[in-house]
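Trainee: TSV, C-alpha atoms and all ligand atoms, file final_26.tsv:
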chain	number	residue	atom	x	y	z
A	54	MET	CA	152.33	66.08	79.29
A	55	SER	CA	149.41	68.43	80.01
A	56	THR	CA	149.82	72.21	79.74
A	57	SER	CA	149.33	72.66	83.48
A	58	PHE	CA	152.45	70.64	84.30
A	59	ALA	CA	154.51	72.62	81.79
A	60	LEU	CA	153.46	76.04	83.12
A	61	VAL	CA	153.25	75.45	86.84
A	62	LYS	CA	155.77	74.22	89.38
A	63	ARG	CA	154.02	73.02	92.52
A	64	SER	CA	155.91	73.40	95.80
A	65	ALA	CA	157.53	70.16	96.97
A	66	HIS	CA	156.14	71.03	100.44
A	67	ASN	CA	152.49	71.05	99.36
A	68	PRO	CA	150.18	71.25	101.13
A	69	ILE	CA	152.00	74.00	103.02
A	70	LEU	CA	149.19	74.46	105.56
A	71	THR	CA	146.40	72.14	106.68
A	72	PRO	CA	143.56	72.63	109.22
A	73	LYS	CA	145.62	71.15	112.04
A	74	ASP	CA	148.31	73.83	111.62
A	75	VAL	CA	146.17	76.62	113.09
A	76	ARG	CA	144.16	76.94	116.28
A	77	PRO	CA	140.35	76.97	116.25
A	78	SER	CA	138.83	80.37	117.09
A	79	SER	CA	137.13	78.94	120.21
A	80	GLU	CA	136.64	75.66	122.07
A	81	LEU	CA	133.20	75.38	120.43
A	82	MET	CA	134.75	74.97	117.00
A	83	ASN	CA	136.76	72.54	114.88
A	84	ILE	CA	138.62	73.78	111.83
A	85	GLU	CA	137.37	71.82	108.82
A	86	CYS	CA	139.12	73.70	106.02
A	87	LEU	CA	141.73	76.32	105.22
A	88	LEU	CA	140.98	78.02	101.96
A	89	ASN	CA	141.86	80.63	99.38
A	90	PRO	CA	144.25	83.10	101.04
A	91	GLY	CA	144.85	86.75	100.22
A	92	VAL	CA	148.61	87.42	100.00
A	93	PHE	CA	150.77	90.48	100.68
A	94	THR	CA	154.16	91.60	101.97
A	95	PHE	CA	154.50	93.65	105.15
A	96	LYS	CA	157.55	94.34	107.34
A	97	ASN	CA	159.80	92.14	105.15
A	98	LYS	CA	157.61	89.08	105.56
A	99	ILE	CA	155.18	87.26	103.29
A	100	TRP	CA	151.69	87.11	104.76
A	101	LEU	CA	148.66	84.98	104.01
A	102	LEU	CA	145.20	86.08	105.06
A	103	LEU	CA	143.67	82.62	105.33
A	104	ARG	CA	140.03	81.78	105.16
A	105	VAL	CA	139.45	79.49	108.14
A	106	ALA	CA	136.21	77.49	107.91
A	107	GLU	CA	134.90	76.07	111.17
A	108	ARG	CA	131.95	74.20	112.61
A	109	PRO	CA	131.16	72.47	115.90
A	110	GLU	CA	131.75	68.75	116.44
A	111	GLN	CA	129.04	66.86	114.52
A	112	ASN	CA	127.12	63.88	115.81
A	113	LYS	CA	125.50	60.85	114.18
A	114	GLU	CA	121.90	62.08	114.11
A	115	LEU	CA	122.33	65.83	113.71
A	116	ILE	CA	123.99	68.29	111.39
A	117	THR	CA	124.84	71.48	113.25
A	118	VAL	CA	125.71	74.70	111.46
A	119	PRO	CA	127.10	77.86	113.06
A	120	VAL	CA	125.86	81.41	112.31
A	121	TYR	CA	126.72	84.72	113.95
A	122	GLY	CA	124.05	86.29	116.13
A	123	GLU	CA	123.44	90.04	116.16
A	124	HIS	CA	126.14	90.72	118.73
A	125	GLY	CA	128.88	88.61	117.14
A	126	ASP	CA	128.00	85.60	119.31
A	127	ILE	CA	127.87	82.19	117.61
A	128	LYS	CA	124.49	80.48	117.36
A	129	MET	CA	124.24	76.79	116.50
A	130	ILE	CA	121.38	75.53	114.35
A	131	SER	CA	120.79	71.76	114.23
A	132	PHE	CA	118.89	69.66	111.71
A	133	LYS	CA	117.95	65.98	111.96
A	134	LYS	CA	119.83	64.10	109.24
A	135	ASN	CA	116.76	62.04	108.37
A	136	ASP	CA	114.43	65.04	108.06
A	137	PRO	CA	112.87	64.89	104.57
A	138	LEU	CA	113.00	68.71	104.33
A	139	LEU	CA	116.81	68.62	104.55
A	140	ASP	CA	119.05	68.54	101.48
A	141	ASN	CA	122.71	68.08	102.44
A	142	SER	CA	124.00	66.72	99.15
A	143	ASP	CA	126.61	69.53	98.81
A	144	PRO	CA	129.24	69.47	101.59
A	145	ARG	CA	129.45	73.31	101.45
A	146	VAL	CA	125.81	74.33	101.67
A	147	LEU	CA	122.67	72.78	103.10
A	148	SER	CA	119.12	73.61	102.35
A	149	TYR	CA	116.25	73.20	104.80
A	150	ASN	CA	112.67	73.86	103.74
A	151	GLY	CA	113.87	76.20	100.99
A	152	LYS	CA	116.32	78.21	103.16
A	153	ASN	CA	120.08	77.83	102.58
A	154	TYR	CA	122.81	77.67	105.23
A	155	LEU	CA	126.57	77.20	104.96
A	156	THR	CA	127.85	74.04	106.65
A	157	THR	CA	130.85	75.99	108.03
A	158	ILE	CA	131.45	79.60	109.02
A	159	SER	CA	134.61	81.37	107.86
A	160	HIS	CA	136.80	84.10	109.31
A	161	LEU	CA	140.12	85.54	108.12
A	162	ARG	CA	143.37	84.70	109.89
A	163	LEU	CA	146.87	86.16	109.47
A	164	VAL	CA	149.94	83.93	109.16
A	165	CYS	CA	153.41	85.05	108.09
A	166	SER	CA	156.67	83.62	106.79
A	167	ASP	CA	160.26	84.61	106.04
A	168	ASN	CA	160.67	82.21	103.13
A	169	GLY	CA	157.16	81.91	101.70
A	170	GLU	CA	156.89	78.25	102.68
A	171	ASN	CA	156.93	77.93	106.48
A	172	PHE	CA	154.08	79.98	107.87
A	173	TYR	CA	153.23	80.64	111.51
A	174	GLU	CA	150.65	82.64	113.44
A	175	PRO	CA	152.37	85.64	115.02
A	176	ASN	CA	151.26	86.79	118.47
A	177	GLY	CA	149.31	89.95	119.01
A	178	LEU	CA	147.37	90.12	115.76
A	179	ASN	CA	143.63	89.70	115.65
A	180	SER	CA	141.60	87.59	113.24
A	181	ILE	CA	138.90	89.31	111.24
A	182	PHE	CA	135.42	87.95	111.93
A	183	GLY	CA	132.07	88.59	110.29
A	184	GLN	CA	130.12	91.44	111.88
A	185	GLY	CA	126.44	92.29	111.66
A	186	GLN	CA	123.55	90.97	109.60
A	187	LEU	CA	125.33	91.07	106.21
A	188	GLU	CA	128.10	88.77	107.53
A	189	GLU	CA	125.99	86.41	109.67
A	190	TYR	CA	127.27	83.39	107.65
A	191	GLY	CA	130.88	84.64	107.76
A	192	ILE	CA	133.46	86.24	105.48
A	193	GLU	CA	135.47	84.53	102.74
A	194	ASP	CA	138.13	84.60	100.02
A	195	CYS	CA	139.84	87.94	100.68
A	196	ARG	CA	141.93	89.67	98.02
A	197	VAL	CA	144.55	92.11	99.38
A	198	THR	CA	145.65	95.03	97.21
A	199	GLN	CA	148.37	97.40	98.37
A	200	ILE	CA	148.19	100.98	97.09
A	201	GLU	CA	151.06	103.05	98.53
A	202	HIS	CA	151.06	102.29	102.28
A	203	THR	CA	147.47	101.15	102.54
A	204	TYR	CA	146.11	97.63	102.15
A	205	TYR	CA	142.60	97.19	100.73
A	206	LEU	CA	140.82	93.96	101.59
A	207	THR	CA	137.97	92.90	99.32
A	208	TYR	CA	136.15	89.85	100.59
A	209	THR	CA	132.89	87.96	100.29
A	210	MET	CA	130.22	88.91	102.85
A	211	VAL	CA	127.82	85.99	103.27
A	212	SER	CA	124.38	86.09	104.87
A	213	SER	CA	120.84	84.83	104.45
A	214	VAL	CA	119.99	88.02	102.50
A	215	GLY	CA	122.76	87.55	99.93
A	216	VAL	CA	126.42	87.36	98.97
A	217	GLY	CA	128.26	90.63	98.25
A	218	VAL	CA	131.71	92.23	98.37
A	219	GLY	CA	132.95	94.06	101.47
A	220	LEU	CA	135.89	96.45	101.76
A	221	ILE	CA	138.18	96.91	104.75
A	222	GLN	CA	141.29	99.09	104.75
A	223	THR	CA	144.31	99.03	107.02
A	224	ASP	CA	147.82	100.49	107.17
A	225	ASP	CA	149.15	98.41	110.06
A	226	TRP	CA	147.06	95.18	110.28
A	227	ILE	CA	146.02	96.26	113.78
A	228	ASN	CA	143.48	98.99	113.05
A	229	PHE	CA	140.87	98.12	110.45
A	230	GLU	CA	138.45	100.55	108.86
A	231	ARG	CA	135.31	98.82	107.59
A	232	LYS	CA	133.83	100.51	104.55
A	233	GLY	CA	130.81	98.23	104.19
A	234	MET	CA	129.47	96.46	101.11
A	235	ILE	CA	130.87	97.92	97.87
A	236	PHE	CA	129.27	95.48	95.40
A	237	PRO	CA	125.76	94.28	96.39
A	238	PRO	CA	124.40	90.73	95.89
A	239	HIS	CA	124.99	88.61	94.09
A	240	ASN	CA	128.66	89.50	93.74
A	241	LYS	CA	132.06	88.11	94.77
A	242	ASP	CA	135.64	87.64	93.44
A	243	CYS	CA	136.56	91.33	93.59
A	244	ALA	CA	140.18	92.31	92.88
A	245	ILE	CA	141.24	95.95	92.95
A	246	PHE	CA	144.12	96.93	90.62
A	247	ASN	CA	147.10	98.24	92.58
A	248	GLU	CA	147.49	101.42	90.61
A	249	LYS	CA	145.22	103.98	89.02
A	250	ILE	CA	144.68	103.99	85.24
A	251	ASN	CA	143.91	107.33	83.61
A	252	GLY	CA	143.29	108.80	87.08
A	253	LYS	CA	140.72	106.16	88.19
A	254	TYR	CA	140.80	103.11	90.41
A	255	TYR	CA	139.71	99.86	88.73
A	256	ALA	CA	138.37	96.56	90.06
A	257	LEU	CA	137.38	93.23	88.57
A	258	HIS	CA	134.25	91.74	90.11
A	259	ARG	CA	131.79	88.92	89.48
A	260	PRO	CA	128.09	89.67	89.55
A	261	THR	CA	125.69	86.81	88.89
A	262	SER	CA	122.77	87.32	86.57
A	263	PRO	CA	120.61	84.19	86.67
A	264	GLN	CA	118.29	84.56	83.66
A	265	LEU	CA	120.15	86.62	81.08
A	266	GLY	CA	123.93	86.55	81.39
A	267	GLY	CA	125.62	84.33	83.95
A	268	ASN	CA	128.65	84.24	86.26
A	269	TYR	CA	130.95	86.56	84.32
A	270	ILE	CA	133.95	88.79	85.08
A	271	TRP	CA	133.15	92.51	85.03
A	272	LEU	CA	135.24	95.67	85.39
A	273	ALA	CA	134.27	98.80	87.34
A	274	GLU	CA	135.92	102.15	88.04
A	275	SER	CA	135.93	104.48	91.02
A	276	ASN	CA	137.36	107.74	92.33
A	277	ASP	CA	137.42	106.69	95.99
A	278	LEU	CA	137.44	102.83	96.07
A	279	VAL	CA	134.03	102.83	97.77
A	280	HIS	CA	131.64	103.99	95.04
A	281	TRP	CA	131.96	102.03	91.80
A	282	GLY	CA	130.44	102.68	88.38
A	283	ASN	CA	130.83	102.45	84.60
A	284	HIS	CA	130.57	98.66	84.85
A	285	LYS	CA	131.57	96.62	81.81
A	286	CYS	CA	131.53	92.89	81.18
A	287	VAL	CA	135.04	91.75	80.19
A	288	ALA	CA	134.79	87.95	80.00
A	289	THR	CA	131.97	85.41	79.86
A	290	THR	CA	131.86	81.65	80.43
A	291	ARG	CA	132.51	79.46	77.36
A	292	LEU	CA	130.19	76.64	76.42
A	293	GLY	CA	131.79	73.21	76.38
A	294	LYS	CA	135.08	74.42	77.90
A	295	TRP	CA	136.71	74.09	81.33
A	296	ASP	CA	135.27	77.53	82.25
A	297	SER	CA	131.72	76.87	81.05
A	298	ALA	CA	129.74	77.49	84.28
A	299	ARG	CA	131.47	80.16	86.36
A	300	ILE	CA	134.50	82.42	86.11
A	301	GLY	CA	135.94	84.87	88.63
A	302	ALA	CA	139.04	87.01	89.11
A	303	GLY	CA	141.90	85.88	91.32
A	304	ALA	CA	144.17	88.52	92.89
A	305	ALA	CA	144.99	92.01	91.58
A	306	PRO	CA	146.17	91.86	87.95
A	307	ILE	CA	149.93	91.83	87.35
A	308	LYS	CA	151.28	94.69	85.24
A	309	THR	CA	153.43	93.40	82.36
A	310	GLU	CA	154.74	95.13	79.23
A	311	GLU	CA	152.09	93.33	77.21
A	312	GLY	CA	149.11	94.14	79.40
A	313	TRP	CA	147.49	93.39	82.75
A	314	LEU	CA	147.83	89.68	83.41
A	315	GLU	CA	144.96	88.25	85.44
A	316	ILE	CA	144.90	84.69	86.73
A	317	TYR	CA	141.25	83.67	87.07
A	318	HIS	CA	139.31	80.57	88.07
A	319	GLY	CA	136.87	78.80	85.82
A	320	ALA	CA	134.49	76.01	86.80
A	321	ASP	CA	132.46	73.66	84.67
A	322	GLU	CA	129.01	72.16	85.37
A	323	LYS	CA	130.63	69.44	87.49
A	324	HIS	CA	132.19	72.08	89.80
A	325	ARG	CA	135.71	71.30	88.63
A	326	TYR	CA	137.76	74.45	89.28
A	327	CYS	CA	140.79	75.22	87.07
A	328	LEU	CA	142.91	78.34	86.55
A	329	GLY	CA	143.40	80.32	83.36
A	330	ALA	CA	144.77	83.72	82.35
A	331	LEU	CA	143.38	86.88	80.80
A	332	LEU	CA	145.51	89.62	79.29
A	333	LEU	CA	143.89	93.06	79.50
A	334	ASP	CA	144.91	96.24	77.69
A	335	LEU	CA	147.20	98.42	79.82
A	336	LYS	CA	145.38	101.68	79.10
A	337	ASP	CA	141.85	100.26	78.78
A	338	PRO	CA	141.50	97.10	80.89
A	339	SER	CA	137.99	96.49	79.57
A	340	LYS	CA	139.69	95.27	76.36
A	341	VAL	CA	140.70	91.60	76.46
A	342	ILE	CA	143.86	91.03	74.37
A	343	ALA	CA	144.10	87.27	74.97
A	344	ARG	CA	142.62	84.47	77.07
A	345	SER	CA	143.74	80.92	77.85
A	346	GLN	CA	142.04	78.31	75.71
A	347	ASN	CA	143.22	75.51	78.00
A	348	PRO	CA	143.74	75.85	81.75
A	349	ILE	CA	147.19	77.00	82.88
A	350	MET	CA	146.62	74.76	85.90
A	351	GLU	CA	144.09	72.05	86.67
A	352	PRO	CA	143.48	69.75	89.66
A	353	ALA	CA	146.00	66.98	89.13
A	354	VAL	CA	147.55	65.72	92.36
A	355	ASP	CA	145.92	63.95	95.29
A	356	TYR	CA	145.44	67.03	97.53
A	357	GLU	CA	143.74	68.85	94.62
A	358	LEU	CA	141.55	65.93	93.60
A	359	ASN	CA	140.39	64.73	97.02
A	360	GLY	CA	139.32	66.58	100.14
A	361	PHE	CA	136.42	68.56	101.62
A	362	PHE	CA	135.31	69.51	98.08
A	363	GLY	CA	137.59	67.75	95.61
A	364	ASN	CA	138.64	68.74	92.10
A	365	VAL	CA	139.13	72.37	93.10
A	366	ILE	CA	142.05	74.75	92.80
A	367	PHE	CA	141.21	78.33	93.64
A	368	THR	CA	143.59	81.27	93.91
A	369	ASN	CA	143.21	84.84	95.08
A	370	GLY	CA	146.75	85.75	96.11
A	371	HIS	CA	150.32	85.78	94.91
A	372	ILE	CA	153.74	87.43	95.25
A	373	VAL	CA	155.60	88.58	92.13
A	374	LYS	CA	159.41	88.68	92.01
A	375	GLY	CA	160.94	89.41	88.59
A	376	ASP	CA	159.50	86.85	86.18
A	377	THR	CA	158.18	84.55	88.93
A	378	ILE	CA	154.67	84.51	90.30
A	379	THR	CA	154.49	82.55	93.53
A	380	MET	CA	150.85	81.72	93.67
A	381	TYR	CA	149.08	80.54	96.81
A	382	TYR	CA	145.91	78.55	96.37
A	383	GLY	CA	143.28	76.51	98.11
A	384	ALA	CA	143.17	72.85	97.07
A	385	SER	CA	139.99	70.76	97.43
A	386	ASP	CA	138.61	73.59	99.62
A	387	GLU	CA	140.66	72.08	102.47
A	388	VAL	CA	144.40	72.82	102.37
A	389	ILE	CA	146.73	75.65	101.31
A	390	CYS	CA	149.32	75.11	98.59
A	391	SER	CA	151.75	77.13	96.54
A	392	ALA	CA	153.10	76.95	93.01
A	393	ASP	CA	155.45	79.02	90.86
A	394	LEU	CA	154.65	80.27	87.36
A	395	SER	CA	156.82	82.19	84.96
A	396	ILE	CA	155.13	85.35	83.65
A	397	LYS	CA	156.93	84.90	80.30
A	398	SER	CA	155.65	81.35	79.89
A	399	VAL	CA	152.08	82.32	80.73
A	400	LEU	CA	152.28	85.19	78.22
A	401	ASN	CA	153.73	82.80	75.62
A	402	SER	CA	150.86	80.40	76.23
A	403	LEU	CA	148.48	83.29	75.46
A	404	HIS	CA	150.14	84.46	72.25
A	405	ALA	CA	148.50	81.78	70.16
A	406	THR	CA	145.05	82.61	71.49
A	407	GLN	CA	144.67	86.27	70.52
A	408	ALA	CA	142.54	85.46	67.51
A	409	CYS	CA	140.08	83.24	69.37
A	410	ILE	CA	139.05	84.81	72.67
A	501	LIG	C1	133.13	79.17	95.33
A	501	LIG	C2	133.71	79.84	96.56
A	501	LIG	C3	135.14	79.41	96.81
A	501	LIG	C4	135.31	77.91	96.71
A	501	LIG	C5	134.72	77.40	95.40
A	501	LIG	C6	134.76	75.90	95.27
A	501	LIG	O1	133.64	79.77	94.19
A	501	LIG	O2	132.94	79.53	97.68
A	501	LIG	O3	135.49	79.81	98.10
A	501	LIG	O4	136.67	77.58	96.79
A	501	LIG	O5	133.37	77.81	95.31
A	501	LIG	O6	133.97	75.30	96.23
Any chance you could give the structure as structure tokens?
Mentor:
Amino acid sequence: MSTSFALVKRSAHNPILTPKDVRPSSELMNIECLLNPGVFTFKNKIWLLLRVAERPEQNKELITVPVYGEHGDIKMISFKKNDPLLDNSDPRVLSYNGKNYLTTISHLRLVCSDNGENFYEPNGLNSIFGQGQLEEYGIEDCRVTQIEHTYYLTYTMVSSVGVGVGLIQTDDWINFERKGMIFPPHNKDCAIFNEKINGKYYALHRPTSPQLGGNYIWLAESNDLVHWGNHKCVATTRLGKWDSARIGAGAAPIKTEEGWLEIYHGADEKHRYCLGALLLDLKDPSKVIARSQNPIMEPAVDYELNGFFGNVIFTNGHIVKGDTITMYYGASDEVICSADLSIKSVLNSLHATQACI
């Protein structure tokens, strides 16, 4: 039996949400994928902040991609499928004459549940859409960190000028204060810790450095959650392993007696996305105490192996109750699933690895 089956208990109701379970944002759009939700509790309910990826109906000859115009209006850009300048080999991104576009545009949608399994869209709450030039290709993969009564949303801002991390804060999920881009391109996968350490706020983030370095997890500190500094690299990709090409933080780290436990994603050169764990020192989270050698979870069942972009499990949200982490994740970039993990078992799986980070 593989490690992932021993450590993770997938919900028997998986996938718990699929594109047909939510309404498109307008009659111009079809929902292609639900992905990678942020997770939080509010008013005694469990909430997912889903990434909803949409595009217009496609036809035989043309590929049409949506982008936001300057005033939040949707513009459609079409390309002839047989145009030699078009490269549409990746279902997520297309390239035309050297310029890249996303094939779908994403916004963030709230759904809630009393039991963590049956989610519905409540009335009277607004979705969060991309705004302005830096979000013209949409907003994605939001982490939600609660500090006292305030929720901090860190999400990927996508546009033709780059991919960076945006911050929005809210106390009531009705009024949102946009703080702008807090980590400039190329950066994503930002998770703010939900308490201060030695008087400072901390965040994990993932800059990309194409020539020297790579797609590594970094740590930064801040006095106000908007201005970040004292950046340190905490984990790099590992040649020949499941996390050889790209790694990135999931949700806010979980405080345990042994350290901050962070569930992160790692992808290899074939874009196979698995999950692993990092244990960071409680007082100095730039120190890695242990790291999974093998994935704690890997794509294994049909909805994780096949879909819009198969062989992907990606998490950026969970609820913790006692020893149990209920993790929500996107599978095959198309459907939303959940799985339970025991904190103790994940820590036990890390004990053997201290010597060989
Ligand atoms: C990137 C992001 C994620 C996505 C994975 C796999 O890391 O765009 O949203 O789930 O790729 O496609």
Trainee: Show which residues sit within 12 Å of Ser180 (chain A), as a PDB file with C-alpha atoms, in the frame of the given file. Count all atoms listed in the file, and ignore same-chain residues fewer than 6 positions away.
Mentor:
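Result written to around06.pdb:
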ATOM      1  CA  VAL A  75     146.170  76.620 113.090  1.00  0.00           C
ATOM      2  CA  ARG A  76     144.160  76.940 116.280  1.00  0.00           C
ATOM      3  CA  PRO A  77     140.350  76.970 116.250  1.00  0.00           C
ATOM      4  CA  SER A  78     138.830  80.370 117.090  1.00  0.00           C
ATOM      5  CA  SER A  79     137.130  78.940 120.210  1.00  0.00           C
ATOM      6  CA  LEU A 101     148.660  84.980 104.010  1.00  0.00           C
ATOM      7  CA  LEU A 102     145.200  86.080 105.060  1.00  0.00           C
ATOM      8  CA  LEU A 103     143.670  82.620 105.330  1.00  0.00           C
ATOM      9  CA  ARG A 104     140.030  81.780 105.160  1.00  0.00           C
ATOM     10  CA  VAL A 105     139.450  79.490 108.140  1.00  0.00           C
ATOM     11  CA  SER A 159     134.610  81.370 107.860  1.00  0.00           C
ATOM     12  CA  HIS A 160     136.800  84.100 109.310  1.00  0.00           C
ATOM     13  CA  LEU A 161     140.120  85.540 108.120  1.00  0.00           C
ATOM     14  CA  ARG A 162     143.370  84.700 109.890  1.00  0.00           C
ATOM     15  CA  LEU A 163     146.870  86.160 109.470  1.00  0.00           C
ATOM     16  CA  VAL A 164     149.940  83.930 109.160  1.00  0.00           C
ATOM     17  CA  GLU A 174     150.650  82.640 113.440  1.00  0.00           C
ATOM     18  CA  ILE A 192     133.460  86.240 105.480  1.00  0.00           C
ATOM     19  CA  TRP A 226     147.060  95.180 110.280  1.00  0.00           C
ATOM     20  CA  ILE A 227     146.020  96.260 113.780  1.00  0.00           C
ATOM     21  CA  ASN A 228     143.480  98.990 113.050  1.00  0.00           C
ATOM     22  CA  PHE A 229     140.870  98.120 110.450  1.00  0.00           C
TER      23      PHE A 229
END
Trainee: Residues contacting ligand LIG 501 (chain A) - anything with an atom at most 6 Å away, using all atoms listed in the file - can you give me those as a VMD selection string?
Mentor: chain A and resid 194 367 386
Trainee: Quick one: residues within 6 Å of Ala298 (chain A), all atoms listed in the file counted, chain neighbours fewer than 4 positions away excluded, as a PDB file with C-alpha atoms, in the frame of the given file?
Mentor:
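Printed below is part_38.pdb as written:
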ATOM      1  CA  ALA A 320     134.490  76.010  86.800  1.00  0.00           C
ATOM      2  CA  ASP A 321     132.460  73.660  84.670  1.00  0.00           C
ATOM      3  CA  GLU A 322     129.010  72.160  85.370  1.00  0.00           C
TER       4      GLU A 322
END
Trainee: List as a PyMOL selection string the protein and nucleic acid residues near Met234 (chain A), meaning an atom at most 8 Å away when only C-alpha atoms are counted, but skip any in the same chain fewer than 2 places from it.
Mentor: chain A and resi 210+217-220+232+236-237
Trainee: What would the file look like if the residues just selected were written as a short mmCIF file (atom, residue, chain, number, x, y, z; two decimals), keeping the file's coordinate frame with C-alpha atoms?
Mentor:
data_model
loop_
_atom_site.label_atom_id
_atom_site.label_comp_id
_atom_site.auth_asym_id
_atom_site.auth_seq_id
_atom_site.Cartn_x
_atom_site.Cartn_y
_atom_site.Cartn_z
CA MET A 210 130.22 88.91 102.85
CA GLY A 217 128.26 90.63 98.25
CA VAL A 218 131.71 92.23 98.37
CA GLY A 219 132.95 94.06 101.47
CA LEU A 220 135.89 96.45 101.76
CA LYS A 232 133.83 100.51 104.55
CA PHE A 236 129.27 95.48 95.40
CA PRO A 237 125.76 94.28 96.39
#
Trainee: Quick one: of A:Ala244, A:Leu87, A:Val365, A:Met350, who's nearest to Arg325 (chain A), counting all atoms listed in the file?
Mentor: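 Of all the options, A:Val365 lies closest to Arg325 (chain A).
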Trainee: Mind pulling up the distance from CA of Asp376 (chain A) to CA of Leu60 (chain A)?
Mentor: 12.8 Å
Trainee: Kindly indicate which residue among A:Leu358, A:Val287, A:Ala384, A:Ile410 lies nearest to Gln346 (chain A), using all atoms listed in the file for the distances.
Mentor: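 For Gln346 (chain A), the nearest of the given residues is A:Ile410.
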Trainee: Quick check, in Å to one decimal: how far apart do CA of Ser213 (chain A) and CA of Glu230 (chain A) lie?
Mentor: 24.0 Å
